[in-house]
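Asks: Please read through the structure below; I'll follow up with questions.
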4 protein chains.
Amino acid sequence: MSSKLWGGRFTKTTDQLVEAFNASIQFDQRLYREDIRGSMAHARMLAKVGILTQEEAASIVEGLAAIRADIDAGEFEFSVALEDIHMNIEKRLTDRIGAAGAKLHTARSRNDQVSLDMHLYMRREVGEIAALLQELLQALVDVAEQNADVILPGYTHLQRAQPVTLAHHLLTYCQMLARDFRRLENVWVGADIMPLGAGALAGTTFPIDRQHVADELKFGAVYDNSMDAVSDRDYLLDFLSFASVLMMHLSRLSEEIILWSSAEFGFIELDDAYSTGSSMMPQKKNPDVAELVRGKTGRVYGHLMGLLTTAKGLPLTYNKDLQEDKEGVFDAIDTVKVSLSVYRGMLTTMRVRRDRMLQAASGDFANATDLADYLVKKGLPFRQAHEVVGKAVRHAIETKRLLAEIPLNEYRVLSPLFEEDLLNAITIDECVNARRSLGGTAPQEATRQIAVLRTLLAAQAEKIAVYAEKNQVLAE
Amino acid sequence: MSSKLWGGRFTKTTDQLVEAFNASIQFDQRLYREDIRGSMAHARMLAKVGILTQEEAASIVEGLAAIRADIDAGEFEFSVALEDIHMNIEKRLTDRIGAAGAKLHTARSRNDQVSLDMHLYMRREVGEIAALLQELLQALVDVAEQNADVILPGYTHLQRAQPVTLAHHLLTYCQMLARDFRRLENVWVGADIMPLGAGALAGTTFPIDRQHVADELKFGAVYDNSMDAVSDRDYLLDFLSFASVLMMHLSRLSEEIILWSSAEFGFIELDDAYSTGSSMMPQKKNPDVAELVRGKTGRVYGHLMGLLTTAKGLPLTYNKDLQEDKEGVFDAIDTVKVSLSVYRGMLTTMRVRRDRMLQAASGDFANATDLADYLVKKGLPFRQAHEVVGKAVRHAIETKRLLAEIPLNEYRVLSPLFEEDLLNAITIDECVNARRSLGGTAPQEATRQIAVLRTLLAAQAEKIAVYAEKNQVLAE
Amino acid sequence: MSSKLWGGRFTKTTDQLVEAFNASIQFDQRLYREDIRGSMAHARMLAKVGILTQEEAASIVEGLAAIRADIDAGEFEFSVALEDIHMNIEKRLTDRIGAAGAKLHTARSRNDQVSLDMHLYMRREVGEIAALLQELLQALVDVAEQNADVILPGYTHLQRAQPVTLAHHLLTYCQMLARDFRRLENVWVGADIMPLGAGALAGTTFPIDRQHVADELKFGAVYDNSMDAVSDRDYLLDFLSFASVLMMHLSRLSEEIILWSSAEFGFIELDDAYSTGSSMMPQKKNPDVAELVRGKTGRVYGHLMGLLTTAKGLPLTYNKDLQEDKEGVFDAIDTVKVSLSVYRGMLTTMRVRRDRMLQAASGDFANATDLADYLVKKGLPFRQAHEVVGKAVRHAIETKRLLAEIPLNEYRVLSPLFEEDLLNAITIDECVNARRSLGGTAPQEATRQIAVLRTLLAAQAEKIAVYAEKNQVLAE
Amino acid sequence: MSSKLWGGRFTKTTDQLVEAFNASIQFDQRLYREDIRGSMAHARMLAKVGILTQEEAASIVEGLAAIRADIDAGEFEFSVALEDIHMNIEKRLTDRIGAAGAKLHTARSRNDQVSLDMHLYMRREVGEIAALLQELLQALVDVAEQNADVILPGYTHLQRAQPVTLAHHLLTYCQMLARDFRRLENVWVGADIMPLGAGALAGTTFPIDRQHVADELKFGAVYDNSMDAVSDRDYLLDFLSFASVLMMHLSRLSEEIILWSSAEFGFIELDDAYSTGSSMMPQKKNPDVAELVRGKTGRVYGHLMGLLTTAKGLPLTYNKDLQEDKEGVFDAIDTVKVSLSVYRGMLTTMRVRRDRMLQAASGDFANATDLADYLVKKGLPFRQAHEVVGKAVRHAIETKRLLAEIPLNEYRVLSPLFEEDLLNAITIDECVNARRSLGGTAPQEATRQIAVLRTLLAAQAEKIAVYAEKNQVLAE
């Protein structure tokens, strides 16, 4: 009567538009490797506990491998009528191997099956993203190291505040990316839990061995509660939170890349290979990559908000609403991966215009704090020193000079504490080198930070190798 | 040197990954009809003002029509290297007709071109969505009318509050959809403004005639400021706000459909054609359509948040970030259209179980307010009447009876104002019929509302006809 | 037994923490004028239809006026135990005038009462915001007019693209604000509907006259469906959408103010009265106002997302969740009002550094499009002209010159079409003046736009007067 | 000239509206304990390294302690003109102790000072929330244990799917809360880093000892990069992500509480102390607490989105936008704390109506999967068994019977595999008890889960003690 695998109790067929509306095969076909691999493990476990014969299990595994090869080769036609990746593959399997195929779905439901697929999938993607993230971090550390002696203005409120090294500035982003990596490790922990065996929601009456499946698929843990196993989407939200914060970080760096590429700043020049032109204005060279990454921050935030909204107020356990957990996550994954990739190339090929940076750092009042510190070291309370220097700045502006251009006698009108050693204390090099407090902008501090980060990079590499080794099961 | 149409000043080619990252052809090919139609109008205008010859314009229009036919027929291969729909079509045009094609981009930029495409596209989609929305509203009015005498509990806090008719209940959603339609009309107003002629941002030095283009494409207005024309995305945000509120409305109705389909409520049965089953549990019949619409609310909210985020803090005028304005809008359009379509079918085929509804409305204390009103009409201040009836309810609960089952003498213990006419005042029919205040649940009020809505439906139909007539230009 | 006005059926008192959790008096006391005014209208209507005597109504109105005076004077102590503004006032009224007070709640519920309060409140705030928005628009038009001949670079991708006038640039924001005003008018329409008489959800059994209440309170319409009247929050979402888009607009202008205030751009100087300093760095002068407005965009987006989330999936009619509709809206209102206010002062006091702007517009390749247009006018197809000029730009960069500094003979190597009139065509004045297309950057176009906007401002003033006249009822 | 502590370079005073707009004292006064405690540590460190004398430091610490006592006692008047908590306290200190006070700000900026305040504050709140979260988890485990033998329908799609125990059902939420606790631990890690010494952004020229400050305040780490220290808000985003997911979890449980409290489900009755009534309808008893928690999910999502938006695209380092990091976080903290508190009381006082639950679980087809499993165990492939049972269900519906009411002979028409043992296999007790797979709904699995959770609770208690011990520094 019905072409549906669940159609027994129904007397009418599904409306065609509804069929297309409900179907997920358009996007969940992305999970075919995970679905097949999970079914292989399920079949072997069923044989192990005696629900299937070894022959049936072997036939199923072989059949699934053949289907995987077909899909790899682009020779599998997906059917919307079969709704999703699970039914598409099960149906094909049964067509191919007969009765044994019809036994595969014993002791499981699509609810725990899709959950397994997504966990396997997220593990794979976390592994790949971890590698890309580490590569970007490594590149950024390298660029920082190469620019250890480049001085530019440090900004607050986009006003020049105090001179800093470019290394110091870029290492700030390294710290952000290092935190992102830790966040990603937590996503892995949430993904690395095995849900199969939860059945539709309540477990199963068959004597299955969930740990066996988990071991074959190298999962670190097994869901302890079957209802949780089919309704938990926290690890996807954790991923979207990670992705949102990562994109926020990249949006900040993008803003700076864009500012620095402007004629007004002129601090860097992006490589032609990482810029584009205008269809109308022949002179244009645009920092499209940085703009697009900044712009894509919106879509990732949107996906986070979307899944949070979808999950709000849902009673236990599975509700069809949860089918909406995939497309946003897939798109966020793609966005993050491509953003990390292009960013690395853009950063490693950009040309730093150290002269323009130095000129900007020198041509203003970025050494005013040092002037105040000078007075404090001579004994003036800081709050009064601040007041004196504020007047000095006003005086300099009114007379169109920089602080270093004001003669000592004029300074001494403001305070008798000013002495001959004044000018040495406010040279730009001194401003940078004197900030030797832990984490300050003095070069030795950047060197120290870089060493710490290189140790971290090595630890990340080990973690990435563990992920890769576990994800290797997908190819088996 | 470069395959790019803007490559003159560049000495290196674009990195391949960057090329793919920057390209929009994967999704903006959806705009091909609009792009071609806009170019036809542009060419004719250029000829009218003497920038092109009539022959050149005719050749361009003919060439574009041929390309459109190719794309319609699926015989056009889009190139990522050519970035976007504009360059893909312009390049093909020049290949096909030669020099005249290379003149088409005179006095315009991709910035105003893509803006024109999106305006034309949104007009088309607003027209289609308006029709679908009106059809759903019409269906809902019909269903309400058919259930004018069906009584169910009205709820607050999901507690039974007062009996209402199903017509009255459904007409609430009609009011929401009516507001949605007005919101959509505002989207049209924002979309129906012609941006071409803004050039990259500052207008053009050519003596173009923007009104001529607007007239040919039947636009209601022309952007008054060229910088605004290329950076305005308000109409897309207005659309996403409309879509979010619409989905919110549908999510509320979905929640009720889901509740009513549960065994516990049992108020309706969805048609088999609008339900699906379970791969594991043979007895299941699930309200997937309603769940999925409720779930998709998340993605639409997400798209709104995404575009708001993307637009935040962008300096004038065009920034590459704005390329991110399309995919979310496209997806929201698709989501809204399919949701409206399946919803109509689901509602018109559902079976109302009036007995279950009536039983629920009768089997509780939904007539308690009427009991209080009874006392007020006998002269007791409302606040005291409320107190008395509260005690009556407590008494009824403790003695496991309904209000109508308590004998008069017990009522008179609570208040001497209770008399023989009491029971007539709190029958369920009286509860419904007595609420004759404007907009109340009495049947004649539903009839009045329905008449008002039918007038509105007719007005909407006229509006839809106007939209369709304007959108007809796309086929020319 | 219970201190609650609804406690009749309850046998235990409310947990204290729950009482505080449920209470809304902390924030809804903001609605006291609206609540009192609505109750006055309700009482008069009840008297008109005979439910109250004229004496009772007069006593109620007088009592309410006295309470209003107390609250105005800060002499009213709100009670959390009485939950909300409605109960606080009703209780005080009954304490003050006795039995008549206990009759006030006849034929209404808190559900329709709070809805009335919020509608009155939103009308008032829309009126005030409309005035502030119009004042900002007016100020911006004035500033634009004063800077009609100031030339700065127009940007795309934050790269200098083509010279524009500052007037033209600022008028872009005027267009945005003009759209915001229209959006606000739509919020008014949604707020200007009278909900009272809906009762808890189903209307009332009393012969009330809803139109009478609407007339007294000068509402433009009456809710046609009682269930809609108590559950509709669309007008609040419309307000939050308006506020989000407005803040997005201001965030864009803020970004420019911040950029322009930087040492690198140096296009403007904000007045001391609109800047702040640093506790540590004596030289700093920060554009805090612009930054804070840009930053506050986040909270307004958040409130929109918050209410959309809260409303998602709620069954009819009133649910306690809807109490969450207020704080976000209140905060968005406050944010919008103060942002509009400070912005006006900031803009009208800022100093434009026209020399820096002109220098930036001249010192680059912003006239490259004009060079291409020149060739097109000599007969070269645009696409080829673009290519030629691209090469000219590359040549200029390599030889460190501007386009106007390259001698004709070098140009003629690139194309024989270049002639003596070349230099005149690419002066910065010509670049600006030649863009005479409708909405282009030529001064006469700015003049035209300003005239259009002044007409609009006058129309807005009329609208604002209508709002103010209606809102006058609150003082009666 | 200026009352501002930073006013040296300014020639005009701040506009009054701007002053109020920029000020944060209205909300950051919440940080007074942290601000004072941080300043004490800073002063002691300055003395230790010789920048202050021991006498100066002692005078400062004593003065600060006195100010803290004043504020504790409500005897401190905050000034908007002094902008923020830092300036309010520093000014008062200097007024009180003279010159030494003016030295306190040596080697720090408000940028690192406010960062320190927020880190201390978040540590404190994380500690308190951890305790509340653990208490709720504990209460939920207890309620689960008390209801180990209560059977209700497990749902998918809000359709009855398979019977489960109430313990099993509630333990699902325990798993969610357990994950929330782990998320909160990560928030602690991000908060437990010491930023002071970063100065405005670049560190300081004074020979400070940041580790000394960290040790005194018991911080686990010190920010390694000064620019990161003043611009990092990740830990606040991590908190808002935690809070959003937690509220999402509570919103799901709230939805169930609301459903279960409805007349239709009737599974539980909330205690009077955790319910409220209606001002109009005397019979109402509403689950306000659950509704309000569900509704408040929106505001917390909104705060997450708000801060993500605010942080997007900000260049380094501090920008005034970041002042917007507080109010949303404060409100989310308050919301989470009160929600956790009321929830615990609501859950531990609710009355479970086990008869209604059992009736619902029995009165439907929730044993259909077991019937299919029965056939599979007799040798039928699952997919065919599913089909057979689908027909059985349809037959039962058509004949208005439950599965257990169909005689064996009718079953045998569908399949000869049905035998006498059939009815035993589909009793509701058997349905529950047979699901002994790991994490399944059989009682022994719930017992096992509870034991695991009790171990976790103990580990959490240890963690909470560590937090409390560290936070103890605030009282010193």
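All residue names refer to the structure tokens as shown: chains lettered A, B, ... in order, residues numbered from 1 in each chain, ligands numbered from 1 in order.
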Would you list the contacts of stretch 450-460 of chain D as a list in words, taking every protein, DNA or RNA residue within 10 Å and counting only C-alpha atoms, but skipping same-chain residues closer than 6 positions in sequence?

Replies: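 Selected residues are Asp224 of chain A; Ala130, Ala131, Leu133, Gln134, Glu135, Leu137, Gln138, Val141, Asp142, Ala144, Glu145, Ala167, His168, Leu171, Cys174, Gln175, Ala178, Phe181, Arg182, Glu185, Gln444 and Val466 of chain D.
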
Asks: Counting only C-alpha atoms, which residues of chain B come no farther than 8 Å from chain D, as a VMD selection string?

Replies: chain B and resid 157 to 161 258 to 259 261 to 265 279 to 288 291 309 312 to 313 360 365 to 366 368 to 369 372 386 to 387 389 to 390 393 to 394

Asks: Point out the residue among C:Ser254, C:Ser226, C:Gln113, C:Thr165 with the least atom-to-atom distance to B:Glu445, counting only C-alpha atoms.

Replies: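 Comparing C:Ser254, C:Ser226, C:Gln113, C:Thr165 against B:Glu445, the winner is C:Ser226.
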
Asks: Write out as a list of chain:residue names each polymer residue whose atoms come within 10 Å of B:Gly101, counting only C-alpha atoms; drop sequence neighbours fewer than 4 positions from it.

Replies: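 What passes the distance filter is B:Ala43, B:Glu56, B:Ala57, B:Ser59, B:Ile60, B:Val61, B:Gly63, B:Leu64, B:Ile89, B:Glu90, B:Lys91, B:Arg92, B:Leu93, B:Thr94, B:Asp95, B:Arg96, B:Ile97, B:His105, C:Pro381, C:Phe382, C:Arg383.
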
Asks: Taking only stretch 224-448 of chain D into account, list the residues labelled helix (DSSP H, G or I) by DSSP (computed from the backbone), as a ChimeraX atom specification.

Replies: /D:226-231,234-261,272-274,288-311,320-325,327-349,354-362,368-377,382-398,403-405,408-414,422-425,428-433,443-448

Asks: Can you pull out the residues contacting C:Ala396? Cut-off 9 Å, using only C-alpha atoms, and skip same-chain residues under 5 positions away; I want them as number ranges by chain.

Replies: C: 391, 401-403, 405-406

Asks: Can you measure atom CA of A:Ser231 to atom CA of A:Ala198 for me? One decimal in Å is fine.

Replies: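 One can read the atom CA of A:Ser231 to atom CA of A:Ala198 distance as 10.3 Å.
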
Asks: Which residue out of D:His303, D:Arg294, D:Arg179, D:Arg252 has the minimum interatomic distance to C:Asn319 when only C-alpha atoms are used?

Replies: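 Ranked by minimum distance to C:Asn319, first place goes to D:Arg294.
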
Asks: Extract the full set of strand (DSSP E) residues from stretch 220-396 of chain C according to DSSP on the backbone, and format it as a PyMOL selection string.

Replies: chain C and resi 221-222+268-269+351-352

Asks: If you measure from atom CA of D:Ala311 to atom CA of D:Tyr235, what distance in Å do you get, rounded to one decimal?

Replies: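 That distance, rounded to one decimal, is 12.6 Å.
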
Asks: With only C-alpha atoms as the counted atoms, please give the residues lying no more than 9 Å from B:Val230, apart from itself and same-chain residues fewer than 2 positions off, as a list of chain:residue names.

Replies: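 Close residues of B:Val230: B:Asn111, B:Asp112, B:Gln113, B:Val114, B:Ser115, B:Pro195, B:Leu196, B:Ala198, B:Gly199, B:Ala200, B:Leu201, B:Ser226, B:Met227, B:Asp228, B:Asp232, B:Arg233, B:Thr317, B:Tyr318.
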
Asks: With distances taken over only C-alpha atoms, which residue among D:Val245, D:Ser251, D:Leu132, D:Met357 lies nearest A:Leu304?

Replies: D:Val245

Asks: Compile the contact shell of B:Val213 as a ChimeraX atom specification: residues with an atom at most 8 Å away, counting only C-alpha atoms, same-chain residues fewer than 5 positions apart removed.

Replies: /B:41-42,45,196

Asks: Write out, as a PDB file, in the first residue's frame, the residues just selected, with all heavy atoms.

Replies:
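Here's the written file selection.pdb:
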ATOM      1  N   ALA B  41      16.634  46.477 -19.782  1.00  0.00           N
ATOM      2  CA  ALA B  41      16.123  47.827 -19.538  1.00  0.00           C
ATOM      3  C   ALA B  41      17.263  48.850 -19.581  1.00  0.00           C
ATOM      4  O   ALA B  41      17.112  49.951 -20.124  1.00  0.00           O
ATOM      5  CB  ALA B  41      15.396  47.890 -18.192  1.00  0.00           C
ATOM      6  N   HIS B  42      18.379  48.459 -19.011  1.00  0.00           N
ATOM      7  CA  HIS B  42      19.539  49.355 -19.009  1.00  0.00           C
ATOM      8  C   HIS B  42      19.994  49.648 -20.435  1.00  0.00           C
ATOM      9  O   HIS B  42      20.262  50.801 -20.804  1.00  0.00           O
ATOM     10  CB  HIS B  42      20.655  48.705 -18.203  1.00  0.00           C
ATOM     11  CG  HIS B  42      21.886  49.545 -18.063  1.00  0.00           C
ATOM     12  ND1 HIS B  42      21.893  50.776 -17.449  1.00  0.00           N
ATOM     13  CD2 HIS B  42      23.186  49.324 -18.452  1.00  0.00           C
ATOM     14  CE1 HIS B  42      23.129  51.289 -17.469  1.00  0.00           C
ATOM     15  NE2 HIS B  42      23.921  50.424 -18.072  1.00  0.00           N
ATOM     16  N   MET B  45      17.636  51.927 -22.242  1.00  0.00           N
ATOM     17  CA  MET B  45      17.785  53.300 -21.752  1.00  0.00           C
ATOM     18  C   MET B  45      19.053  53.937 -22.329  1.00  0.00           C
ATOM     19  O   MET B  45      19.038  55.104 -22.760  1.00  0.00           O
ATOM     20  CB  MET B  45      17.802  53.311 -20.216  1.00  0.00           C
ATOM     21  CG  MET B  45      17.917  54.685 -19.581  1.00  0.00           C
ATOM     22  SD  MET B  45      19.630  55.292 -19.480  1.00  0.00           S
ATOM     23  CE  MET B  45      20.268  54.202 -18.210  1.00  0.00           C
ATOM     24  N   LEU B 196      19.102  51.383 -10.011  1.00  0.00           N
ATOM     25  CA  LEU B 196      20.092  51.481 -11.081  1.00  0.00           C
ATOM     26  C   LEU B 196      20.384  52.939 -11.446  1.00  0.00           C
ATOM     27  O   LEU B 196      19.500  53.791 -11.409  1.00  0.00           O
ATOM     28  CB  LEU B 196      19.633  50.711 -12.327  1.00  0.00           C
ATOM     29  CG  LEU B 196      20.801  50.273 -13.228  1.00  0.00           C
ATOM     30  CD1 LEU B 196      21.564  49.116 -12.589  1.00  0.00           C
ATOM     31  CD2 LEU B 196      20.315  49.885 -14.616  1.00  0.00           C
TER      32      LEU B 196
END

Asks: Which distance in Å separates atom CA of A:Glu255 and atom CA of A:Arg183, to one decimal?

Replies: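 Answer for the atom CA of A:Glu255 to atom CA of A:Arg183 separation: 23.2 Å.
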
Asks: Tell me which protein, DNA and RNA residues are within 10 Å of B:Ala243, counting only C-alpha atoms, leaving out same-chain ones fewer than 4 positions away, and put them as a PyMOL selection string.

Replies: chain B and resi 180+183-184+237-239+247-249+297+300-301+303-304+329+332-333+335-336
